[in-house]
Amino acid sequence: MGTVALAPGLSRKLKKVLESRTDSPELLASLNTLSTFYTDNTPQSRRNLRSIIEKRSLSINQEFLLASDAAQQALDRVEEEVNSLAECCDKIAKALNSCNASTGDIISTTERLKQELDVTTQRQEIVSCFLRDYQLSSEEINALREEELNEDFFKALAHVQEIHANCKILLRTHHQRAGLELMDMMAVYQEGAYERLCRWVQTECRRLGDTDNPEISELLKTAIRCLRERPVLFKYCAEELANMRHHALFRRFISALTRGGPGGLPRPIEVHAHDPLRYVGDMLAWLHQALASERELVHVLLDPDAVVDTGPTARRFSNISENESGKIGSDLTFVLDRVFEGVCRPFKVRVEQVLQSQPSLIISYKLSNQLEFYSYTISDLLGRETALCHTLWTLKDAAQKTFFDILKTRGEKLLRYPPLVAVDLSPPPAVREGVSVLIEIIETYDSMMVPPSGKKPDFAPVISALLDPIIQMCEQAAEAHKSKGVHSSRRSRVSSDAGQLNKSSVDAILANSSFVPPSQSSETPSKIFLINCLCAIQQPLLGHGAAAEYVKNLGTMIENHMRVLAEKEVDTILRRCNLLSKMPHFHDTANDPLAEMEETSPASMSESLKVFFGVILGNENSLPEFEQLQVPKLRSEAVAQVSKSLAEAYDLVYNAIMNPENHYPDPKSLARHPPDQIRTILGI
């Protein structure tokens, strides 16, 4: 059967119902709300559903209107109040407009007066700054001219200097006339203040001369710093200070010399005039201590670096003077030189009296060192070109001259009366005495004080001045002994020649050799005496650094004398053996064969070698043993040197005899001992 077609409207509604979702939150909320007032589910109720819903909406709106009626009334009242306020504002605006129209002239006048007040205030500040920077107050003028000198005076003077400096800046602008007038005015105030300050400082400096250790007020320190701006006035004050301290120091020095301290302690320096070292040392120590105190006093017054800062005024003047440090140093030296100029003469007179009293050698040397130490020390503090330092250096040179004059007199006396040589050839007492004095001087030299700026003086002139005359004395004594030995040997030789005329030449040589010991030749005793003297000088000086160079020279002299002594002894032995005159032929190999020469003939050589072997192989006194040398080491060295020279001479003779070119017949019988045997016999 066929389907029935629905009406289009119904179909569309049915389709819309079928397509709607029943689980959406909006539909559920609507149904939930509907369930609150839709209770009867009847056909009639369903037909009237729209009207029921509209009635429900209408009732809700009526409830809202009833609930909002109070708020609406309140808003109406607010509107009425706002309208009344607007009416009041309009009335006020009208009143203000009318007042503004009537008071416009007063407001413009007020604005104009306010601007004029600002300009006047600014001008007042400018005038105040100008007066502060370019004018002095009545209080400052009074402080500069009339009041007693105090801190206000220096503040006013500093203000004057500031104004003067400001005027220089003003001159660079178009206000040059005002700047010049102000500068002239400030110059008058400044010059008057400086003159017043100079007179006050001179008065205070005169008071400084009344006491030994014056107290320096801060006011005086500031015043002197201010015066450095005026070199001429400052020089006047410095001279016044120097003169006052000059007289005060002179009185103190004379009092220390003659009266001592308060109550007699410390005792007067001249109490120790009998002790030159302490006397001069006490005076130098007093001067050094006085220099320290006076230097501190002058530094406190004249050197701004030594002044305690007392405020802006002190810093201002200190900064000004720091740019003149070189000038400050010269001023300090000038004042201190003048202060100590007065004590130079009494000090110099007393030291010269000590030097003229003929002090001992050691005392004069210690005085020279003492004066040299204080000369360097005081020169470091005071300056080399001052009167006191010049006096000290002059006295130091005088003490040194006295010392060397004593040494010269001592040396001339030794050379004028040289001692006789002792029998045992020992050094004379003058040598030991001179060395003892030198050691004491060296100990003084090693312990002397050396200032930082100085150095130890050269000690070589002292050693030379003391030891050179002693060595010359020993040489003169040795020469006199040598001359005496030559005369005595000549007399003994003449007396012995007559008894030996009938003897053979070999016997005569042997007899002479036994009569005159080899150690008693004419020059040997004098050389041994000189070596003993030089050793007596050298040995005690070993280990003393100050005499190291001289000890080295003495060693060289001893070596030279030892060499000459050994050569003389060897020559004496060779001369006794009649070999000394033959030695040149053995050295010169270019001549004819030696056997054909008369002086080196086999017979002559046989006799000479017999004597030589007799000396070498003879008794223990045949060879010199130098018993009179007082240093065992030198004694053994001299014996070894003689033995070595004799062995070398025999080597030369032996080689010449064994040389076939010299045509010696049977050379082995002529030189029967080889050189090795001779060396063994001589102990080499």
# chains A, B, ... in the order shown; residues from 1 in each chain; ligands from 1
$ residues_around --residues "stretch 577-585 of chain A" --least-positions-apart "3" --cutoff "9 Å" --atoms "only C-alpha atoms" --output "ChimeraX atom specification"
/A:506,509-510,571-574,588-589,591,594,599-600,604-605,607-612,615,649,652-653
$ select_by_dssp --residues "stretch 385-440 of chain A" --states "alpha helix (DSSP H)" --output "JSON, numbers by chain"
{"A": [387, 388, 389, 390, 391, 392, 393, 394, 395, 396, 397, 398, 399, 400, 401, 402, 403, 404, 405, 406, 407, 408, 409, 410, 411, 412, 413, 414, 415, 416, 429, 430, 431, 432, 433, 434, 435, 436, 437, 438, 439, 440]}
$ atom_distance --atom1 "atom CA of A:Tyr664" --atom2 "atom CA of A:Pro602"
6.7 Å
$ atom_distance --atom1 "atom CA of A:Glu648" --atom2 "atom CA of A:Glu596"
24.0 Å
$ atom_distance --atom1 "atom CA of A:Thr222" --atom2 "atom CA of A:Gln161"
15.0 Å
$ residues_around --residues "stretch 131-135 of chain A" --least-positions-apart "6" --cutoff "12 Å" --atoms "only C-alpha atoms" --output "ChimeraX atom specification"
/A:124-125,141,156,158-170,178-186,189
$ write_last_selection --atoms "C-alpha atoms" --output "PDB file, in the first residue's frame"
ATOM      1  CA  GLN A 124      72.453  90.514  45.797  1.00  0.00           C
ATOM      2  CA  GLU A 125      74.163  87.117  45.605  1.00  0.00           C
ATOM      3  CA  ILE A 141      90.943  95.036  58.439  1.00  0.00           C
ATOM      4  CA  ALA A 156      92.871  87.931  56.962  1.00  0.00           C
ATOM      5  CA  ALA A 158      95.390  84.720  53.425  1.00  0.00           C
ATOM      6  CA  HIS A 159      92.171  86.446  52.311  1.00  0.00           C
ATOM      7  CA  VAL A 160      94.211  89.394  51.041  1.00  0.00           C
ATOM      8  CA  GLN A 161      96.323  87.021  48.984  1.00  0.00           C
ATOM      9  CA  GLU A 162      93.203  85.388  47.582  1.00  0.00           C
ATOM     10  CA  ILE A 163      91.768  88.781  46.632  1.00  0.00           C
ATOM     11  CA  HIS A 164      95.061  89.715  44.985  1.00  0.00           C
ATOM     12  CA  ALA A 165      94.954  86.513  42.943  1.00  0.00           C
ATOM     13  CA  ASN A 166      91.306  87.131  42.013  1.00  0.00           C
ATOM     14  CA  CYS A 167      92.187  90.617  40.799  1.00  0.00           C
ATOM     15  CA  LYS A 168      94.603  89.099  38.318  1.00  0.00           C
ATOM     16  CA  ILE A 169      91.704  87.122  36.891  1.00  0.00           C
ATOM     17  CA  LEU A 170      89.587  90.300  36.834  1.00  0.00           C
ATOM     18  CA  ALA A 178      88.214  97.896  38.988  1.00  0.00           C
ATOM     19  CA  GLY A 179      90.857  95.147  39.086  1.00  0.00           C
ATOM     20  CA  LEU A 180      93.720  97.655  39.237  1.00  0.00           C
ATOM     21  CA  GLU A 181      92.073  99.698  41.978  1.00  0.00           C
ATOM     22  CA  LEU A 182      91.387  96.613  44.053  1.00  0.00           C
ATOM     23  CA  MET A 183      94.974  95.358  43.534  1.00  0.00           C
ATOM     24  CA  ASP A 184      96.375  98.685  44.737  1.00  0.00           C
ATOM     25  CA  MET A 185      94.139  98.595  47.789  1.00  0.00           C
ATOM     26  CA  MET A 186      95.090  94.994  48.641  1.00  0.00           C
ATOM     27  CA  TYR A 189      96.965  96.081  53.204  1.00  0.00           C
TER      28      TYR A 189
END
$ residues_around --residues "A:Arg245" --least-positions-apart "5" --cutoff "12 Å" --atoms "only C-alpha atoms" --output "ChimeraX atom specification"
/A:205-214,238-240,250-253,290-291,293-295,297-298,335-343
$ decode --residues "stretch 332-364 of chain A" --atoms "N, CA and C atoms" --output "tab-separated table (two decimals), in the first residue's frame"
chain	number	residue	atom	x	y	z
A	332	LEU	N	118.38	77.05	55.21
A	332	LEU	CA	118.75	76.25	56.38
A	332	LEU	C	120.27	76.23	56.56
A	333	THR	N	120.98	76.01	55.46
A	333	THR	CA	122.44	75.97	55.54
A	333	THR	C	123.00	77.32	55.99
A	334	PHE	N	122.44	78.42	55.46
A	334	PHE	CA	122.90	79.76	55.84
A	334	PHE	C	122.72	79.99	57.34
A	335	VAL	N	121.54	79.65	57.87
A	335	VAL	CA	121.27	79.91	59.29
A	335	VAL	C	122.17	79.04	60.16
A	336	LEU	N	122.26	77.74	59.84
A	336	LEU	CA	123.08	76.84	60.67
A	336	LEU	C	124.56	77.22	60.60
A	337	ASP	N	125.01	77.64	59.42
A	337	ASP	CA	126.40	78.06	59.29
A	337	ASP	C	126.68	79.26	60.18
A	338	ARG	N	125.75	80.21	60.19
A	338	ARG	CA	125.92	81.39	61.04
A	338	ARG	C	125.85	81.01	62.52
A	339	VAL	N	124.96	80.09	62.88
A	339	VAL	CA	124.82	79.69	64.28
A	339	VAL	C	126.11	79.08	64.80
A	340	PHE	N	126.75	78.21	64.02
A	340	PHE	CA	127.93	77.49	64.49
A	340	PHE	C	129.24	78.20	64.15
A	341	GLU	N	129.14	79.34	63.52
A	341	GLU	CA	130.36	80.08	63.20
A	341	GLU	C	131.09	80.55	64.46
A	342	GLY	N	130.34	80.85	65.51
A	342	GLY	CA	130.96	81.39	66.72
A	342	GLY	C	131.79	80.38	67.49
A	343	VAL	N	131.43	79.08	67.41
A	343	VAL	CA	132.17	78.07	68.20
A	343	VAL	C	133.40	77.57	67.46
A	344	CYS	N	133.59	77.98	66.20
A	344	CYS	CA	134.72	77.45	65.43
A	344	CYS	C	136.06	77.86	66.04
A	345	ARG	N	136.19	79.13	66.37
A	345	ARG	CA	137.49	79.60	66.86
A	345	ARG	C	137.87	78.98	68.20
A	346	PRO	N	137.01	79.00	69.25
A	346	PRO	CA	137.43	78.37	70.50
A	346	PRO	C	137.70	76.87	70.35
A	347	PHE	N	136.93	76.20	69.51
A	347	PHE	CA	137.17	74.77	69.28
A	347	PHE	C	138.50	74.56	68.57
A	348	LYS	N	138.77	75.36	67.54
A	348	LYS	CA	140.01	75.20	66.78
A	348	LYS	C	141.23	75.49	67.65
A	349	VAL	N	141.15	76.52	68.48
A	349	VAL	CA	142.29	76.87	69.34
A	349	VAL	C	142.61	75.72	70.28
A	350	ARG	N	141.60	75.10	70.86
A	350	ARG	CA	141.85	74.03	71.83
A	350	ARG	C	142.40	72.77	71.16
A	351	VAL	N	141.89	72.45	69.98
A	351	VAL	CA	142.42	71.27	69.28
A	351	VAL	C	143.86	71.52	68.83
A	352	GLU	N	144.15	72.73	68.37
A	352	GLU	CA	145.53	73.04	67.98
A	352	GLU	C	146.47	72.98	69.18
A	353	GLN	N	145.98	73.38	70.35
A	353	GLN	CA	146.80	73.24	71.56
A	353	GLN	C	147.10	71.78	71.86
A	354	VAL	N	146.10	70.92	71.65
A	354	VAL	CA	146.33	69.49	71.86
A	354	VAL	C	147.37	68.96	70.88
A	355	LEU	N	147.28	69.37	69.61
A	355	LEU	CA	148.24	68.89	68.61
A	355	LEU	C	149.64	69.44	68.86
A	356	GLN	N	149.73	70.64	69.42
A	356	GLN	CA	151.04	71.22	69.71
A	356	GLN	C	151.67	70.65	70.97
A	357	SER	N	150.89	69.91	71.76
A	357	SER	CA	151.43	69.33	73.00
A	357	SER	C	152.20	68.04	72.76
A	358	GLN	N	152.52	67.74	71.50
A	358	GLN	CA	153.30	66.57	71.14
A	358	GLN	C	152.66	65.28	71.66
A	359	PRO	N	151.46	64.92	71.18
A	359	PRO	CA	150.86	63.66	71.61
A	359	PRO	C	151.64	62.47	71.04
A	360	SER	N	151.39	61.32	71.60
A	360	SER	CA	152.09	60.12	71.12
A	360	SER	C	151.62	59.76	69.72
A	361	LEU	N	152.34	58.81	69.12
A	361	LEU	CA	152.02	58.41	67.76
A	361	LEU	C	150.61	57.84	67.67
A	362	ILE	N	150.25	56.96	68.59
A	362	ILE	CA	148.93	56.33	68.58
A	362	ILE	C	147.85	57.38	68.83
A	363	ILE	N	148.09	58.26	69.79
A	363	ILE	CA	147.10	59.28	70.12
A	363	ILE	C	146.86	60.20	68.91
A	364	SER	N	147.92	60.60	68.26
A	364	SER	CA	147.75	61.49	67.10
A	364	SER	C	146.99	60.79	65.98
